[in-house]
Each structure stands twice: as structure tokens, then as C-alpha cells.
$ cat data01.cif   # mmCIF, C-alpha atoms
data_input
loop_
_atom_site.group_PDB
_atom_site.id
_atom_site.type_symbol
_atom_site.label_atom_id
_atom_site.label_comp_id
_atom_site.auth_asym_id
_atom_site.auth_seq_id
_atom_site.Cartn_x
_atom_site.Cartn_y
_atom_site.Cartn_z
ATOM 1 C CA MET A 1 63.949 39.177 0.091
ATOM 2 C CA LEU A 2 60.194 39.026 0.593
ATOM 3 C CA LYS A 3 58.864 35.488 0.951
ATOM 4 C CA ILE A 4 55.194 35.749 0.021
ATOM 5 C CA ARG A 5 52.926 33.421 1.973
ATOM 6 C CA GLY A 6 49.618 35.220 1.734
ATOM 7 C CA PHE A 7 47.430 38.027 0.465
ATOM 8 C CA ALA A 8 45.154 40.307 2.482
ATOM 9 C CA VAL A 9 42.499 41.656 0.139
ATOM 10 C CA ASP A 10 39.923 44.398 0.678
ATOM 11 C CA VAL A 11 36.447 43.767 -0.765
ATOM 12 C CA ASP A 12 34.496 46.878 -1.827
ATOM 13 C CA GLY A 13 36.227 48.762 -4.616
ATOM 14 C CA THR A 14 39.009 46.178 -4.753
ATOM 15 C CA ILE A 15 37.347 42.959 -5.884
ATOM 16 C CA THR A 16 33.993 44.520 -6.744
ATOM 17 C CA GLU A 17 32.809 46.471 -9.750
ATOM 18 C CA ASP A 18 29.751 48.642 -10.407
ATOM 19 C CA GLY A 19 28.994 49.116 -6.731
ATOM 20 C CA SER A 20 29.001 45.821 -4.879
ATOM 21 C CA ARG A 21 29.041 43.191 -7.631
ATOM 22 C CA ILE A 22 31.990 40.794 -7.316
ATOM 23 C CA SER A 23 34.369 40.925 -10.259
ATOM 24 C CA LEU A 24 34.561 37.475 -11.847
ATOM 25 C CA GLU A 25 38.181 38.131 -12.846
ATOM 26 C CA ALA A 26 39.064 38.960 -9.245
ATOM 27 C CA ALA A 27 37.235 35.854 -7.965
ATOM 28 C CA PHE A 28 39.110 33.682 -10.479
ATOM 29 C CA SER A 29 42.460 35.205 -9.472
ATOM 30 C CA LEU A 30 41.856 34.796 -5.737
ATOM 31 C CA ARG A 31 40.877 31.156 -6.165
ATOM 32 C CA TRP A 32 44.037 30.494 -8.173
ATOM 33 C CA LEU A 33 46.195 32.119 -5.518
ATOM 34 C CA LYS A 34 44.600 29.820 -2.929
ATOM 35 C CA ARG A 35 45.125 26.776 -5.177
ATOM 36 C CA MET A 36 48.769 27.772 -5.551
ATOM 37 C CA GLY A 37 49.149 27.432 -1.777
ATOM 38 C CA TYR A 38 48.826 31.037 -0.612
ATOM 39 C CA GLU A 39 46.555 32.088 2.222
ATOM 40 C CA VAL A 40 44.056 34.612 0.841
ATOM 41 C CA LEU A 41 42.289 36.590 3.567
ATOM 42 C CA LEU A 42 39.473 39.045 3.016
ATOM 43 C CA ALA A 43 39.730 42.261 5.044
ATOM 44 C CA SER A 44 36.591 44.363 4.751
ATOM 45 C CA GLY A 45 34.508 47.109 6.267
ATOM 46 C CA ARG A 46 31.510 44.802 5.853
ATOM 47 C CA SER A 47 30.047 42.705 8.647
ATOM 48 C CA ALA A 48 31.610 39.413 9.679
ATOM 49 C CA TRP A 49 28.629 37.495 8.294
ATOM 50 C CA GLU A 50 28.942 39.030 4.820
ATOM 51 C CA THR A 51 32.706 38.635 4.747
ATOM 52 C CA LEU A 52 32.647 35.018 5.971
ATOM 53 C CA SER A 53 29.987 34.114 3.412
ATOM 54 C CA LEU A 54 31.983 35.719 0.634
ATOM 55 C CA ALA A 55 35.163 33.896 1.700
ATOM 56 C CA ALA A 56 33.300 30.577 1.640
ATOM 57 C CA TYR A 57 31.798 31.200 -1.794
ATOM 58 C CA LEU A 58 35.093 32.422 -3.248
ATOM 59 C CA GLY A 59 36.925 29.411 -1.873
ATOM 60 C CA VAL A 60 39.579 31.463 -0.081
ATOM 61 C CA THR A 61 40.895 31.274 3.483
ATOM 62 C CA ARG A 62 38.025 31.109 5.953
ATOM 63 C CA VAL A 63 39.541 33.565 8.393
ATOM 64 C CA VAL A 64 38.378 37.111 7.767
ATOM 65 C CA VAL A 65 38.915 40.601 9.089
ATOM 66 C CA ALA A 66 35.600 42.457 9.191
ATOM 67 C CA GLU A 67 34.246 45.831 10.337
ATOM 68 C CA ASN A 68 37.570 47.451 9.354
ATOM 69 C CA GLY A 69 39.505 45.388 11.879
ATOM 70 C CA GLY A 70 36.993 45.309 14.714
ATOM 71 C CA VAL A 71 36.127 41.653 14.109
ATOM 72 C CA VAL A 72 38.295 38.643 13.266
ATOM 73 C CA ALA A 73 36.175 35.616 12.422
ATOM 74 C CA HIS A 74 36.993 31.996 11.650
ATOM 75 C CA PHE A 75 34.403 30.085 9.658
ATOM 76 C CA PRO A 76 31.768 29.226 10.739
ATOM 77 C CA HIS A 77 31.325 30.722 14.224
ATOM 78 C CA ASP A 78 34.558 31.561 16.063
ATOM 79 C CA VAL A 79 34.450 35.357 16.389
ATOM 80 C CA THR A 80 36.942 37.632 18.144
ATOM 81 C CA LEU A 81 35.955 41.232 18.877
ATOM 82 C CA LEU A 82 38.755 43.792 19.064
ATOM 83 C CA ALA A 83 36.481 46.632 20.191
ATOM 84 C CA ASP A 84 33.367 47.313 22.238
ATOM 85 C CA ARG A 85 30.534 48.866 20.232
ATOM 86 C CA SER A 86 29.263 50.915 23.189
ATOM 87 C CA GLU A 87 31.675 53.824 22.575
ATOM 88 C CA SER A 88 30.687 53.934 18.888
ATOM 89 C CA LEU A 89 27.030 54.097 19.916
ATOM 90 C CA LYS A 90 27.798 56.984 22.307
ATOM 91 C CA ALA A 91 29.511 58.824 19.462
ATOM 92 C CA TYR A 92 26.521 58.198 17.214
ATOM 93 C CA ASP A 93 24.110 59.553 19.850
ATOM 94 C CA LEU A 94 26.278 62.652 20.277
ATOM 95 C CA LEU A 95 26.607 63.289 16.529
ATOM 96 C CA SER A 96 22.901 62.727 15.870
ATOM 97 C CA SER A 97 22.061 65.393 18.470
ATOM 98 C CA LYS A 98 24.288 67.950 16.691
ATOM 99 C CA ILE A 99 24.210 67.076 12.970
ATOM 100 C CA SER A 100 20.790 67.036 11.315
ATOM 101 C CA SER A 101 22.002 65.348 8.115
ATOM 102 C CA LEU A 102 23.350 62.279 9.959
ATOM 103 C CA LYS A 103 21.950 58.986 8.616
ATOM 104 C CA VAL A 104 22.684 55.391 9.577
ATOM 105 C CA ARG A 105 23.624 53.261 6.580
ATOM 106 C CA PRO A 106 21.525 50.083 6.374
ATOM 107 C CA THR A 107 23.799 47.091 7.047
ATOM 108 C CA LEU A 108 23.681 43.645 8.551
ATOM 109 C CA PRO A 109 24.069 43.728 12.350
ATOM 110 C CA ARG A 110 27.358 45.238 13.523
ATOM 111 C CA LEU A 111 29.420 44.089 16.500
ATOM 112 C CA THR A 112 32.029 46.836 16.936
ATOM 113 C CA ASP A 113 31.151 49.955 14.931
ATOM 114 C CA VAL A 114 28.364 52.148 13.601
ATOM 115 C CA VAL A 115 28.095 52.769 9.865
ATOM 116 C CA LEU A 116 26.846 56.136 8.593
ATOM 117 C CA GLU A 117 25.976 57.518 5.186
ATOM 118 C CA ARG A 118 28.472 60.070 3.880
ATOM 119 C CA THR A 119 25.925 62.895 4.293
ATOM 120 C CA PHE A 120 27.814 65.177 6.675
ATOM 121 C CA ASP A 121 31.117 67.008 7.028
ATOM 122 C CA ARG A 122 33.520 64.455 8.453
ATOM 123 C CA SER A 123 35.873 67.060 9.921
ATOM 124 C CA GLU A 124 32.952 68.593 11.831
ATOM 125 C CA GLY A 125 32.005 65.165 13.154
ATOM 126 C CA LEU A 126 35.580 64.533 14.271
ATOM 127 C CA ARG A 127 35.687 67.895 16.039
ATOM 128 C CA ILE A 128 32.481 67.096 17.969
ATOM 129 C CA ILE A 129 33.760 63.655 18.995
ATOM 130 C CA ASP A 130 37.190 64.975 20.017
ATOM 131 C CA GLU A 131 35.696 67.793 22.100
ATOM 132 C CA ALA A 132 33.600 65.207 23.954
ATOM 133 C CA GLY A 133 36.716 63.125 24.640
ATOM 134 C CA LEU A 134 35.322 59.983 23.039
ATOM 135 C CA PRO A 135 37.945 57.466 21.798
ATOM 136 C CA ILE A 136 36.278 57.167 18.378
ATOM 137 C CA ALA A 137 37.579 57.742 14.850
ATOM 138 C CA ILE A 138 35.468 58.399 11.770
ATOM 139 C CA ASN A 139 36.966 56.206 9.061
ATOM 140 C CA ASP A 140 36.084 56.744 5.414
ATOM 141 C CA SER A 141 35.790 53.586 3.312
ATOM 142 C CA LYS A 142 34.614 55.628 0.286
ATOM 143 C CA TYR A 143 31.221 53.907 0.665
ATOM 144 C CA ALA A 144 30.396 54.998 4.213
ATOM 145 C CA TYR A 145 31.753 56.581 7.379
ATOM 146 C CA HIS A 146 32.534 54.114 10.164
ATOM 147 C CA LEU A 147 32.488 55.133 13.824
ATOM 148 C CA THR A 148 35.275 52.909 15.119
ATOM 149 C CA ARG A 149 37.241 52.810 18.349
ATOM 150 C CA LYS A 150 40.626 54.506 17.948
ATOM 151 C CA GLY A 151 43.430 51.990 17.605
ATOM 152 C CA VAL A 152 41.166 49.417 15.968
ATOM 153 C CA ASP A 153 41.836 49.073 12.257
ATOM 154 C CA LYS A 154 42.518 46.562 9.505
ATOM 155 C CA GLY A 155 46.197 46.402 10.441
ATOM 156 C CA ARG A 156 45.495 45.287 13.993
ATOM 157 C CA GLY A 157 42.745 42.921 12.864
ATOM 158 C CA LEU A 158 44.981 41.424 10.191
ATOM 159 C CA GLU A 159 47.820 40.801 12.639
ATOM 160 C CA THR A 160 45.353 38.933 14.887
ATOM 161 C CA ALA A 161 44.065 36.859 11.957
ATOM 162 C CA LEU A 162 47.568 36.058 10.715
ATOM 163 C CA ARG A 163 48.713 34.873 14.166
ATOM 164 C CA SER A 164 45.931 32.286 14.102
ATOM 165 C CA LEU A 165 47.343 31.004 10.791
ATOM 166 C CA GLY A 166 50.976 31.067 11.907
ATOM 167 C CA LEU A 167 51.877 33.774 9.380
ATOM 168 C CA GLU A 168 53.956 36.926 9.724
ATOM 169 C CA ALA A 169 52.582 40.160 8.232
ATOM 170 C CA GLU A 170 55.942 40.801 6.569
ATOM 171 C CA ASN A 171 55.218 37.792 4.315
ATOM 172 C CA VAL A 172 51.806 39.089 3.236
ATOM 173 C CA ILE A 173 50.821 41.384 0.373
ATOM 174 C CA ALA A 174 47.974 43.801 1.184
ATOM 175 C CA ILE A 175 45.665 44.957 -1.614
ATOM 176 C CA GLY A 176 43.110 47.753 -1.173
ATOM 177 C CA ASP A 177 41.667 51.026 -2.374
ATOM 178 C CA SER A 178 40.743 53.307 0.535
ATOM 179 C CA GLU A 179 42.165 54.976 3.625
ATOM 180 C CA THR A 180 40.778 52.134 5.757
ATOM 181 C CA ASP A 181 43.351 49.891 4.041
ATOM 182 C CA VAL A 182 46.364 52.040 4.980
ATOM 183 C CA PRO A 183 46.854 50.409 8.435
ATOM 184 C CA MET A 184 46.894 47.036 6.656
ATOM 185 C CA PHE A 185 49.496 48.417 4.220
ATOM 186 C CA ASP A 186 51.576 49.612 7.173
ATOM 187 C CA VAL A 187 51.903 46.147 8.738
ATOM 188 C CA CYS A 188 52.368 44.071 5.581
ATOM 189 C CA GLY A 189 55.642 43.452 3.789
ATOM 190 C CA TYR A 190 54.270 44.738 0.513
ATOM 191 C CA SER A 191 51.179 46.722 -0.464
ATOM 192 C CA VAL A 192 49.205 47.430 -3.603
ATOM 193 C CA ALA A 193 46.790 50.363 -3.879
ATOM 194 C CA LEU A 194 44.442 50.082 -6.825
ATOM 195 C CA GLY A 195 44.265 52.797 -9.463
ATOM 196 C CA ASN A 196 40.887 53.950 -8.105
ATOM 197 C CA ALA A 197 42.415 54.692 -4.687
ATOM 198 C CA PRO A 198 42.744 58.305 -3.481
ATOM 199 C CA ASP A 199 46.289 59.660 -3.078
#
$ encode --input "data01.cif" --output "C-alpha cells"
Amino acid sequence: MLKIRGFAVDVDGTITEDGSRISLEAAFSLRWLKRMGYEVLLASGRSAWETLSLAAYLGVTRVVVAENGGVVAHFPHDVTLLADRSESLKAYDLLSSKISSLKVRPTLPRLTDVVLERTFDRSEGLRIIDEAGLPIAINDSKYAYHLTRKGVDKGRGLETALRSLGLEAENVIAIGDSETDVPMFDVCGYSVALGNAPD
């Protein structure tokens, strides 16, 4: 039987509404879960700084998974990087030389990935990167494409974060809405995909 000790919750599309506005109902629910004694971790494609700030304001656990698993941060300044951004930058340089519609998405500074607008054919981008032998994936968060080192994802980041809290992933419920949440679903004991999630 599943013994629930925590919740790993995506941000954009999961606890937001109308773009990037935090749902007050979701904020209320997360705070109650924390008050009931559960660890509530945010796992986001956003930067560590945004995700840490949001965790502090929501009153949830101050250990976050950011940049789709590339960063695990403990409030206020203990940051662990699970990838090197240099390969993502190489992939960006390569793609920008071959795809004219490529655009960087404005974000706060990134530590492990490069974030692009969804203005190009992802399969074409993957083909170009694979032919060059770069160890980079193009992950789709529904809001942007993320050039991320292969093997780095929310599942790996979450396992790192949970170890620091003495929790096992099998005792955590993952909640999300995009393909970037699937690795988190794979490691957790139970998963919930929102109704707005793709198949």
C-alpha cells in the first residue's frame, strides 16, 4: 500500500491559469498539504530563482527542481547542477545556423539549458542535433522548447531533491501536465496528469 509522504508538483499549466497566473485554489491546496505534514516540492521548467521564490511565497517545501531537472535548489542559495549548459549552447548555435525561425525565449538566467520559442519544427531540430552527435534533447513543456542534456529530466532532479529530504520517490505523488513531467511520473509511486495534458 502506498504511504504518501509528499507531492511533486509542476508549475506552468498545473498550478497556473490564464498563462502564468497562480491559481489561488491551487495555492490554498498546496499550503494545506504542507500544513498536514506532507512535503510539497515544486518541479518546474522555470529557472531556480523563479521556482525558489514561488516556493517561499506559497509556503511549501523550500527544495525545488528547476530547469526541468537540471537544477535542484535549496532555499536560499544551495544549488546543485545536474548538467553543464555548454552542450545546450552548442546545440543552440548549430540550430540557429540552420533554422531561420529559431528564437530564444526571454527568461531569467539559465544554468543548464537553453529555452526557445516554439517557432520551428521540433522533429527537424532533433534530426539536426542527432546528426551532429550532440547529447541534447529538445523537450516540449507546452510553453517552450528546452535544449537539455539527454538523461537530465524532472525524474532525475526529483530523486536528487528527495534524497536530501530523506524521502523515497515511491512515497510521492507527482502532478503535472506536459511531457516534461513524464520522467517524474515514472519515478514516483503515483502520478496525476491534469485534464489539459496531451495524451
$ resolve_selection --input "data01.cif" --expression "the PyMOL selection byres ((chain A and resi 145) around 10)" --output "list of chain:residue names"
A:Gly45, A:Val104, A:Arg105, A:Val114, A:Val115, A:Leu116, A:Glu117, A:Arg118, A:Thr119, A:Phe120, A:Arg122, A:Ala137, A:Ile138, A:Asn139, A:Asp140, A:Ser141, A:Lys142, A:Tyr143, A:Ala144, A:His146, A:Leu147, A:Thr148
$ write_last_selection --input "data01.cif" --atoms "C-alpha atoms" --output "compact mmCIF listing (two decimals), in the frame of the given file"
# COMPACT_ATOMS: atom_id res chain seq x y z
CA GLY A 45 34.51 47.11 6.27
CA VAL A 104 22.68 55.39 9.58
CA ARG A 105 23.62 53.26 6.58
CA VAL A 114 28.36 52.15 13.60
CA VAL A 115 28.10 52.77 9.86
CA LEU A 116 26.85 56.14 8.59
CA GLU A 117 25.98 57.52 5.19
CA ARG A 118 28.47 60.07 3.88
CA THR A 119 25.92 62.90 4.29
CA PHE A 120 27.81 65.18 6.68
CA ARG A 122 33.52 64.46 8.45
CA ALA A 137 37.58 57.74 14.85
CA ILE A 138 35.47 58.40 11.77
CA ASN A 139 36.97 56.21 9.06
CA ASP A 140 36.08 56.74 5.41
CA SER A 141 35.79 53.59 3.31
CA LYS A 142 34.61 55.63 0.29
CA TYR A 143 31.22 53.91 0.66
CA ALA A 144 30.40 55.00 4.21
CA HIS A 146 32.53 54.11 10.16
CA LEU A 147 32.49 55.13 13.82
CA THR A 148 35.28 52.91 15.12
$ closest_residue --input "data01.cif" --among "A:Arg35, A:Gly125, A:Asp153, A:Glu17" --to "Ser96 of chain A" --atoms "only C-alpha atoms"
A:Gly125
$ atom_distance --input "data01.cif" --atom1 "atom CA of Asp130 of chain A" --atom2 "atom CA of Glu87 of chain A"
12.7 Å
$ resolve_selection --input "data01.cif" --expression "the PyMOL selection byres ((chain A and resi 198) around 9)" --output "JSON, numbers by chain"
{"A": [177, 178, 179, 193, 195, 196, 197, 199]}
$ atom_distance --input "data01.cif" --atom1 "atom CA of Val79 of chain A" --atom2 "atom CA of Ser191 of chain A"
26.3 Å
$ atom_distance --input "data01.cif" --atom1 "atom CA of Gly176 of chain A" --atom2 "atom CA of Val71 of chain A"
17.9 Å
$ residues_around --input "data01.cif" --residues "segment 164-175 of chain A" --least-positions-apart "4" --cutoff "10 Å" --atoms "all atoms listed in the file" --output "ChimeraX atom specification"
/A:1-11,14-15,38-43,61,63,72,74,155,158-160,181-194
$ resolve_selection --input "data01.cif" --expression "the PyMOL selection byres ((chain A and resi 76) around 10)" --output "tab-separated table (two decimals) with C-alpha atoms, in the frame of the given file"
chain	number	residue	atom	x	y	z
A	49	TRP	CA	28.63	37.49	8.29
A	52	LEU	CA	32.65	35.02	5.97
A	53	SER	CA	29.99	34.11	3.41
A	56	ALA	CA	33.30	30.58	1.64
A	62	ARG	CA	38.02	31.11	5.95
A	63	VAL	CA	39.54	33.56	8.39
A	73	ALA	CA	36.17	35.62	12.42
A	74	HIS	CA	36.99	32.00	11.65
A	75	PHE	CA	34.40	30.08	9.66
A	77	HIS	CA	31.32	30.72	14.22
A	78	ASP	CA	34.56	31.56	16.06
A	79	VAL	CA	34.45	35.36	16.39
$ axis_aligned_box --input "data01.cif" --around "segment 9-23 of chain A" --padding-each-side "8 Å" --output "JSON"
{"center_x": 35.7, "center_y": 45.0, "center_z": -4.9, "size_x": 29.5, "size_y": 24.3, "size_z": 27.1}
$ build_atoms --input "data01.cif" --residues "segment 94-113 of chain A" --atoms "N, CA, C and O atoms" --output "short mmCIF file (atom, residue, chain, number, x, y, z; two decimals), in the coordinates of the input"
data_model
loop_
_atom_site.label_atom_id
_atom_site.label_comp_id
_atom_site.auth_asym_id
_atom_site.auth_seq_id
_atom_site.Cartn_x
_atom_site.Cartn_y
_atom_site.Cartn_z
N LEU A 94 25.78 61.28 20.21
CA LEU A 94 26.28 62.65 20.28
C LEU A 94 26.16 63.34 18.91
O LEU A 94 25.62 64.45 18.81
N LEU A 95 26.65 62.69 17.86
CA LEU A 95 26.61 63.29 16.53
C LEU A 95 25.18 63.52 16.05
O LEU A 95 24.88 64.56 15.45
N SER A 96 24.28 62.57 16.34
CA SER A 96 22.90 62.73 15.87
C SER A 96 22.19 63.88 16.57
O SER A 96 21.25 64.45 16.03
N SER A 97 22.67 64.26 17.77
CA SER A 97 22.06 65.39 18.47
C SER A 97 22.58 66.74 17.94
O SER A 97 22.00 67.78 18.21
N LYS A 98 23.67 66.71 17.15
CA LYS A 98 24.29 67.95 16.69
C LYS A 98 24.33 68.12 15.17
O LYS A 98 24.55 69.22 14.68
N ILE A 99 24.13 67.02 14.44
CA ILE A 99 24.21 67.08 12.97
C ILE A 99 22.90 66.55 12.39
O ILE A 99 22.62 65.35 12.47
N SER A 100 22.13 67.43 11.80
CA SER A 100 20.79 67.04 11.32
C SER A 100 20.84 66.11 10.10
O SER A 100 19.92 65.34 9.87
N SER A 101 21.92 66.17 9.33
CA SER A 101 22.00 65.35 8.12
C SER A 101 22.54 63.94 8.36
O SER A 101 22.70 63.16 7.42
N LEU A 102 22.80 63.59 9.62
CA LEU A 102 23.35 62.28 9.96
C LEU A 102 22.34 61.17 9.65
O LEU A 102 21.18 61.26 10.03
N LYS A 103 22.81 60.13 8.95
CA LYS A 103 21.95 58.99 8.62
C LYS A 103 22.72 57.69 8.79
O LYS A 103 23.85 57.57 8.33
N VAL A 104 22.09 56.72 9.44
CA VAL A 104 22.68 55.39 9.58
C VAL A 104 22.57 54.68 8.24
O VAL A 104 21.53 54.73 7.58
N ARG A 105 23.64 54.03 7.83
CA ARG A 105 23.62 53.26 6.58
C ARG A 105 23.06 51.87 6.89
O ARG A 105 23.53 51.20 7.82
N PRO A 106 22.08 51.42 6.12
CA PRO A 106 21.52 50.08 6.37
C PRO A 106 22.59 49.00 6.13
O PRO A 106 23.21 48.95 5.07
N THR A 107 22.82 48.18 7.14
CA THR A 107 23.80 47.09 7.05
C THR A 107 23.27 45.89 7.82
O THR A 107 22.30 46.01 8.58
N LEU A 108 23.94 44.78 7.66
CA LEU A 108 23.68 43.64 8.55
C LEU A 108 24.16 44.04 9.95
O LEU A 108 24.94 44.98 10.09
N PRO A 109 23.69 43.34 10.98
CA PRO A 109 24.07 43.73 12.35
C PRO A 109 25.57 43.87 12.54
O PRO A 109 26.35 43.07 12.05
N ARG A 110 25.96 44.93 13.26
CA ARG A 110 27.36 45.24 13.52
C ARG A 110 27.70 44.86 14.96
O ARG A 110 26.87 44.95 15.86
N LEU A 111 28.97 44.50 15.18
CA LEU A 111 29.42 44.09 16.50
C LEU A 111 30.35 45.10 17.16
O LEU A 111 30.46 45.13 18.38
N THR A 112 31.03 45.93 16.35
CA THR A 112 32.03 46.84 16.94
C THR A 112 31.95 48.28 16.47
O THR A 112 32.62 49.13 17.04
N ASP A 113 31.18 48.58 15.43
CA ASP A 113 31.15 49.96 14.93
C ASP A 113 29.74 50.37 14.55
O ASP A 113 28.79 49.59 14.65
#
